[in-house]
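With PDB, C-alpha atoms inside, this is work-v9.pdb:
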ATOM      1  CA  MET A   2     177.122 239.872 172.482  1.00  0.00           C
ATOM      2  CA  CYS A   3     177.140 236.333 173.850  1.00  0.00           C
ATOM      3  CA  LEU A   4     174.671 235.531 176.598  1.00  0.00           C
ATOM      4  CA  SER A   5     174.012 232.356 178.477  1.00  0.00           C
ATOM      5  CA  LEU A   6     170.723 230.616 177.805  1.00  0.00           C
ATOM      6  CA  VAL A   7     168.230 229.265 180.320  1.00  0.00           C
ATOM      7  CA  GLY A   8     166.606 225.968 179.479  1.00  0.00           C
ATOM      8  CA  ARG A   9     165.080 222.807 180.863  1.00  0.00           C
ATOM      9  CA  VAL A  10     166.800 219.442 180.560  1.00  0.00           C
ATOM     10  CA  CYS A  11     164.756 216.981 178.486  1.00  0.00           C
ATOM     11  CA  ASP A  12     167.115 214.047 178.826  1.00  0.00           C
ATOM     12  CA  VAL A  13     170.650 213.143 179.859  1.00  0.00           C
ATOM     13  CA  ASN A  14     172.867 210.671 178.058  1.00  0.00           C
ATOM     14  CA  GLY A  15     176.341 210.234 179.534  1.00  0.00           C
ATOM     15  CA  GLU A  16     178.069 213.612 179.558  1.00  0.00           C
ATOM     16  CA  HIS A  17     175.493 215.296 177.309  1.00  0.00           C
ATOM     17  CA  ALA A  18     172.016 216.689 177.815  1.00  0.00           C
ATOM     18  CA  ARG A  19     169.269 217.782 175.449  1.00  0.00           C
ATOM     19  CA  VAL A  20     168.013 221.133 176.687  1.00  0.00           C
ATOM     20  CA  ASP A  21     164.806 222.905 175.652  1.00  0.00           C
ATOM     21  CA  VAL A  22     165.641 226.602 175.333  1.00  0.00           C
ATOM     22  CA  GLY A  23     162.465 228.477 174.495  1.00  0.00           C
ATOM     23  CA  GLY A  24     161.179 225.667 172.300  1.00  0.00           C
ATOM     24  CA  THR A  25     164.497 225.031 170.549  1.00  0.00           C
ATOM     25  CA  MET A  26     166.334 221.827 171.415  1.00  0.00           C
ATOM     26  CA  ARG A  27     170.044 222.228 172.078  1.00  0.00           C
ATOM     27  CA  SER A  28     172.750 219.770 172.977  1.00  0.00           C
ATOM     28  CA  ALA A  29     174.943 220.713 175.925  1.00  0.00           C
ATOM     29  CA  SER A  30     177.836 219.097 177.719  1.00  0.00           C
ATOM     30  CA  ILE A  31     177.328 218.446 181.429  1.00  0.00           C
ATOM     31  CA  ALA A  32     180.994 217.507 181.958  1.00  0.00           C
ATOM     32  CA  MET A  33     181.729 220.637 184.025  1.00  0.00           C
ATOM     33  CA  GLN A  34     178.862 219.826 186.385  1.00  0.00           C
ATOM     34  CA  LEU A  35     179.999 216.215 186.739  1.00  0.00           C
ATOM     35  CA  ILE A  36     183.535 217.391 187.617  1.00  0.00           C
ATOM     36  CA  GLU A  37     182.036 219.664 190.294  1.00  0.00           C
ATOM     37  CA  GLY A  38     179.963 216.763 191.648  1.00  0.00           C
ATOM     38  CA  THR A  39     176.640 218.280 190.586  1.00  0.00           C
ATOM     39  CA  GLU A  40     174.093 215.875 189.175  1.00  0.00           C
ATOM     40  CA  VAL A  41     172.079 217.055 186.176  1.00  0.00           C
ATOM     41  CA  ARG A  42     168.676 215.383 185.826  1.00  0.00           C
ATOM     42  CA  GLU A  43     165.765 215.447 183.428  1.00  0.00           C
ATOM     43  CA  GLY A  44     163.512 218.372 184.350  1.00  0.00           C
ATOM     44  CA  ASP A  45     166.317 220.503 185.854  1.00  0.00           C
ATOM     45  CA  TRP A  46     166.569 224.154 184.866  1.00  0.00           C
ATOM     46  CA  VAL A  47     170.079 224.956 183.672  1.00  0.00           C
ATOM     47  CA  LEU A  48     172.205 227.812 182.430  1.00  0.00           C
ATOM     48  CA  VAL A  49     173.950 226.950 179.142  1.00  0.00           C
ATOM     49  CA  HIS A  50     176.929 228.903 177.837  1.00  0.00           C
ATOM     50  CA  THR A  51     178.888 228.038 174.686  1.00  0.00           C
ATOM     51  CA  GLY A  52     177.531 224.498 174.699  1.00  0.00           C
ATOM     52  CA  PHE A  53     178.210 223.736 178.361  1.00  0.00           C
ATOM     53  CA  VAL A  54     175.829 223.559 181.294  1.00  0.00           C
ATOM     54  CA  VAL A  55     177.492 226.035 183.651  1.00  0.00           C
ATOM     55  CA  ALA A  56     174.892 225.926 186.436  1.00  0.00           C
ATOM     56  CA  VAL A  57     171.851 224.041 187.635  1.00  0.00           C
ATOM     57  CA  LEU A  58     169.187 226.555 188.655  1.00  0.00           C
ATOM     58  CA  GLY A  59     166.112 226.618 190.819  1.00  0.00           C
ATOM     59  CA  GLU A  60     162.877 227.430 189.011  1.00  0.00           C
ATOM     60  CA  ASP A  61     162.666 230.956 190.467  1.00  0.00           C
ATOM     61  CA  ASP A  62     166.246 231.776 189.425  1.00  0.00           C
ATOM     62  CA  ALA A  63     165.610 230.384 185.933  1.00  0.00           C
ATOM     63  CA  ARG A  64     162.494 232.534 185.575  1.00  0.00           C
ATOM     64  CA  GLN A  65     164.288 235.694 186.757  1.00  0.00           C
ATOM     65  CA  ILE A  66     167.212 235.166 184.380  1.00  0.00           C
ATOM     66  CA  ALA A  67     164.874 234.477 181.450  1.00  0.00           C
ATOM     67  CA  GLN A  68     162.886 237.646 182.228  1.00  0.00           C
ATOM     68  CA  ALA A  69     166.064 239.731 182.460  1.00  0.00           C
ATOM     69  CA  ARG A  70     167.275 238.339 179.134  1.00  0.00           C
ATOM     70  CA  ALA A  71     163.918 239.093 177.515  1.00  0.00           C
ATOM     71  CA  GLY A  72     164.174 242.651 178.825  1.00  0.00           C
ATOM     72  CA  LEU A  73     167.645 243.035 177.301  1.00  0.00           C
ATOM     73  CA  ALA A  74     166.408 241.709 173.970  1.00  0.00           C
ATOM     74  CA  GLU A  75     163.523 244.180 174.062  1.00  0.00           C
ATOM     75  CA  MET A  76     165.885 247.063 174.779  1.00  0.00           C
ATOM     76  CA  GLU A  77     168.097 246.003 171.866  1.00  0.00           C
ATOM     77  CA  GLY A  78     165.091 245.604 169.592  1.00  0.00           C
ATOM     78  CA  THR A  79     165.664 241.882 169.055  1.00  0.00           C
ATOM     79  CA  THR A  80     163.349 238.965 169.723  1.00  0.00           C
ATOM     80  CA  ASP A  81     165.810 236.145 170.462  1.00  0.00           C
ATOM     81  CA  ALA A  82     165.169 236.007 174.219  1.00  0.00           C
TER      82      ALA A  82
END
Translate the structure described by the file into structure tokens.
Amino acid sequence: MCLSLVGRVCDVNGEHARVDVGGTMRSASIAMQLIEGTEVREGDWVLVHTGFVVAVLGEDDARQIAQARAGLAEMEGTTDA
């Protein structure tokens, strides 16, 4: 199963961002957000799917999604939330 990941942007360089996802640094393209006219900034919470930032989130939304994902991982008996 492929799930989107919630993370916090550490830095932005052109069309790419480094995103901290649960302590793991990942590179993600912000091209889709730029096309939509959405600015992605350092410190933003984002939803990353298959290497692309698909949404910029508010802190409350990011927390709720992360909690839901952790609950799914617990139900499946995995720890990769």
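Proximity ranking of A:Asp45, A:Glu37, A:Val22, A:Gly78 relative to A:Ser5 places A:Val22 first, based on all atoms listed in the file.
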Using all atoms listed in the file, which residues sit within 12 Å of A:Ser28 once same-chain residues fewer than 2 positions away are excluded, as a PyMOL selection string? chain A and resi 8-14+16-22+25-26+30-31+49-54
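Between atom CA of A:Ile36 and atom CA of A:Leu48 the interatomic distance comes to 16.2 Å.
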Quick one: residues within 6 Å of A:Val47, all atoms listed in the file, excluding same-chain residues fewer than 5 positions away - as number ranges by chain? A: 7-8, 56-58
Write the selection just made, keeping C-alpha atoms, as an mmCIF file, in the coordinates of the input?
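Heads up, here's the output in again21.cif:
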data_model
loop_
_atom_site.group_PDB
_atom_site.id
_atom_site.type_symbol
_atom_site.label_atom_id
_atom_site.label_comp_id
_atom_site.auth_asym_id
_atom_site.auth_seq_id
_atom_site.Cartn_x
_atom_site.Cartn_y
_atom_site.Cartn_z
ATOM 1 C CA VAL A 7 168.230 229.265 180.320
ATOM 2 C CA GLY A 8 166.606 225.968 179.479
ATOM 3 C CA ALA A 56 174.892 225.926 186.436
ATOM 4 C CA VAL A 57 171.851 224.041 187.635
ATOM 5 C CA LEU A 58 169.187 226.555 188.655
#
What box, with edges along x, y and z, holds each listed atom of stretch 9-24 of chain A when 5 Å is added on every side, and can you state its centre and edge lengths in Å to one decimal, as AutoDock Vina command-line options?
--center_x 169.6 --center_y 219.4 --center_z 176.6 --size_x 26.9 --size_y 28.2 --size_z 18.6
If you count all atoms listed in the file, the residue of A:Ala63, A:Ala74, A:Arg27, A:Gly15 closest to A:Glu40 turns out to be A:Gly15
Just the number, please: distance in Å from atom CA of A:Asp61 to atom CA of A:Gly44, one decimal.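 Distance reported for this atom pair: 14.0 Å.
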Two-atom distance - atom CA of A:Ile66, atom CA of A:Gly38 (Å): 23.5 Å
